[in-house]
Amino acid sequence: MSNPSTVTVEEIIRANHALSRVIEPSPLQRSELLSRQYDCNIYLKREDLQVVRSFKIRGAYNVIQSLTEEERSRGVVCASAGNHAQGVAYSCNHLGIEGKIFMPTTTPRQKISQVKMFGGPYVEVVLIGDTFDDSSTQARIYCERENKVFIHPFDDVRTIAGQGTVGLEVLNQMPVSPDFIFTSIGGGGLAAGVGAYVKAVSPETAVIGVEPEGAAGMQRSMEAGRVVTLETVDKFVDGAAVKQVGEMTFEICRRVLDDIVLVPEGKECTTILDLYNNNAIVIEPAGALPVAALDAYRSQIVGKNVVCVISGGNNDIDRMQEIKERSLIYEGLKHYFLVNFPQRAGALREFLEEVLGPTDDITRFEYMKKTNRD
């Protein structure tokens with residue numbers, strides 16, 4: 001194994017060979033609509049079309065298939081908000097290895113169901129903690145107590161090498177080297193792996209990491225020059241709501257990333273809806289980050305070849321109302337007001353006729369009467 005703070009092209013090529021036994025390369029599709037919108041060539045790397053609907057199968061399988069027979073017999077443990085769990089579950093089922101998967105209690109039901117389906121009889125799901133970090137702590141305690149093998153979702157050279165195969169495929173699929181690759185950042189495994197391969201093979205390509213504003217662990221760490229732990233994270237982007245990025249991924253990302261863009265959660269919601277309405281792509285919040293970041297680079301990407309890694313499509317349909325709500329508020333199309341009315345006849349009519357504009361809609365109205373008439 002290489003230096004723990006780097007991953008080599010050779011390791012990524014070996015990972016690609018191992019993965020060829022279980023997955024096909026995901027499509028790289030040119031988006032005509034986005035290309036016209038940004039006046040460039042935009043390609044979407046469709047990791048949402050993987051067998052587990054995210055890139056996480058790559059790192060999880062690469063680690064588990066490399067275990068010794070003795071390690072396999074002990075069983076594996078992982079902590080995940082959903083996508084890594086599905087990759088581990090699929091790998092355990094495929095290789096016949098027992099696994100226990102710790103997931104936050106806030107994980108969407110759809111992801112929990114998918115984990116159980118992919119894992120079959122080989123996997124047990126444990127729901128514990130409010131965040132990934134809470135689940136990870138409990139998973140490590142159990143792992144040490146029961147002498148299991150921990151499959152880290154991002155901070156392992158083999159995991160990073162597996163995720164790096166996304167970059168290998170992109171360069172193999174592109175007719176020319178891309179000018180920009182935008183990739184989301186949660187713990188940093190995907191950005192580190194893609195960046196390591198792309199910078200070694202196509203150093204002129206700019207690799208841009210993208211984080212949600214409410215969980216900007218990599219950018220804060222870059223600013224501090226060391227890995228920092230966020231006190232709180234916005235859990236909306238569950239696939240990237242990580243309080244602390246990896247030590248290995250941080251060291252690699254600080255060398256291979258050209259920039260990090262922060263995206264407001266509301267803008268991600270608008271992107272999710274746009275991709276669904278205009279491109280018929282069902283995408284999860286973390287998967288929307290690269291496309292949502294394009295506005296920040298609008299002038300730089302004109303006339304360029306740009307790749308956005310759509311990292312996953314495991315979105316619970318029950319969340320769509322919340323996504324629509326956040327999008328409307330971010331776009332300034334929906335507002336909440338508390339209004340005091342005098343308690344007399346005609347006060348509400350005056351508000352409707354004299355305060356609201358002719359095109360304003362009321363989507364929800366609640367009235368509470370107080371005893372104090374003032």
# chains A, B, ... in the order shown; residues from 1 in each chain; ligands from 1
$ select_by_dssp --residues "segment 213-270 of chain A" --states "strand (DSSP E)" --output "PyMOL selection string"
chain A and resi 259-263
$ write_last_selection --atoms "N, CA and C atoms" --output "PDB file, in the first residue's frame"
ATOM      1  N   ASP A 259     -10.037  24.376  -6.395  1.00  0.00           N
ATOM      2  CA  ASP A 259     -10.928  25.304  -5.702  1.00  0.00           C
ATOM      3  C   ASP A 259     -12.027  24.501  -5.016  1.00  0.00           C
ATOM      4  N   ILE A 260     -12.685  25.148  -4.052  1.00  0.00           N
ATOM      5  CA  ILE A 260     -13.878  24.583  -3.414  1.00  0.00           C
ATOM      6  C   ILE A 260     -14.978  25.627  -3.489  1.00  0.00           C
ATOM      7  N   VAL A 261     -16.148  25.214  -3.953  1.00  0.00           N
ATOM      8  CA  VAL A 261     -17.313  26.093  -4.048  1.00  0.00           C
ATOM      9  C   VAL A 261     -18.325  25.671  -2.993  1.00  0.00           C
ATOM     10  N   LEU A 262     -18.876  26.642  -2.274  1.00  0.00           N
ATOM     11  CA  LEU A 262     -19.937  26.374  -1.310  1.00  0.00           C
ATOM     12  C   LEU A 262     -21.276  26.725  -1.936  1.00  0.00           C
ATOM     13  N   VAL A 263     -22.247  25.828  -1.782  1.00  0.00           N
ATOM     14  CA  VAL A 263     -23.560  26.017  -2.388  1.00  0.00           C
ATOM     15  C   VAL A 263     -24.620  26.078  -1.295  1.00  0.00           C
TER      16      VAL A 263
END
$ closest_atom_pairs --of "segment 90-165 of chain A" --to "segment 43-64 of chain A" --cutoff "6 Å" --atoms "only C-alpha atoms" --output "JSON lines"
{"residue": "A:Ser91", "atom": "CA", "partner": "A:Tyr61", "partner_atom": "CA", "distance": 5.4}
{"residue": "A:Arg158", "atom": "CA", "partner": "A:Val63", "partner_atom": "CA", "distance": 5.4}
{"residue": "A:Thr159", "atom": "CA", "partner": "A:Gly59", "partner_atom": "CA", "distance": 3.9}
{"residue": "A:Gly162", "atom": "CA", "partner": "A:Gly59", "partner_atom": "CA", "distance": 4.1}
{"residue": "A:Gln163", "atom": "CA", "partner": "A:Gly59", "partner_atom": "CA", "distance": 5.3}
$ closest_residue --among "A:Asp155, A:Thr165, A:Phe337, A:Leu34" --to "Leu275 of chain A" --atoms "only C-alpha atoms"
A:Leu34
$ closest_residue --among "A:Gly193, A:Gly96, A:Pro153, A:Gly209" --to "Leu294 of chain A" --atoms "only C-alpha atoms"
A:Gly209
$ select_by_dssp --residues "segment 152-244 of chain A" --states "helix (DSSP H, G or I)" --output "MDAnalysis selection string"
chainID A and resid 157:173 189:201 213:215 217:224
$ residues_around --residues "segment 279-285 of chain A" --least-positions-apart "2" --cutoff "6 Å" --atoms "only C-alpha atoms" --output "VMD selection string"
chain A and resid 237 275 to 277 287 to 288 313 to 315
$ closest_residue --among "A:Pro121, A:Gly99, A:Gly167, A:Gly87" --to "Leu28 of chain A" --atoms "only C-alpha atoms"
A:Gly167
$ residues_around --residues "Gly195 of chain A" --least-positions-apart "5" --cutoff "12 Å" --atoms "only C-alpha atoms" --output "ChimeraX atom specification"
/A:6-9,12,160-161,163-168,170-171,180-185,188-190,200-209,249-259
$ residues_around --residues "Ile112 of chain A" --least-positions-apart "2" --cutoff "12 Å" --atoms "only C-alpha atoms" --output "ChimeraX atom specification"
/A:80-86,89,101-110,114-119,123-127,314-316
$ closest_residue --among "A:Ser35, A:Gln219, A:Ser311, A:Thr271" --to "Lys324 of chain A" --atoms "only C-alpha atoms"
A:Thr271
$ atom_distance --atom1 "atom CA of Gly312 of chain A" --atom2 "atom CA of Pro175 of chain A"
24.3 Å
$ closest_residue --among "A:Met320, A:Lys100, A:Lys369, A:Arg145" --to "Pro342 of chain A" --atoms "only C-alpha atoms"
A:Lys369
$ closest_residue --among "A:Val302, A:Val88, A:Ala15, A:Val149" --to "Arg74 of chain A" --atoms "only C-alpha atoms"
A:Val149
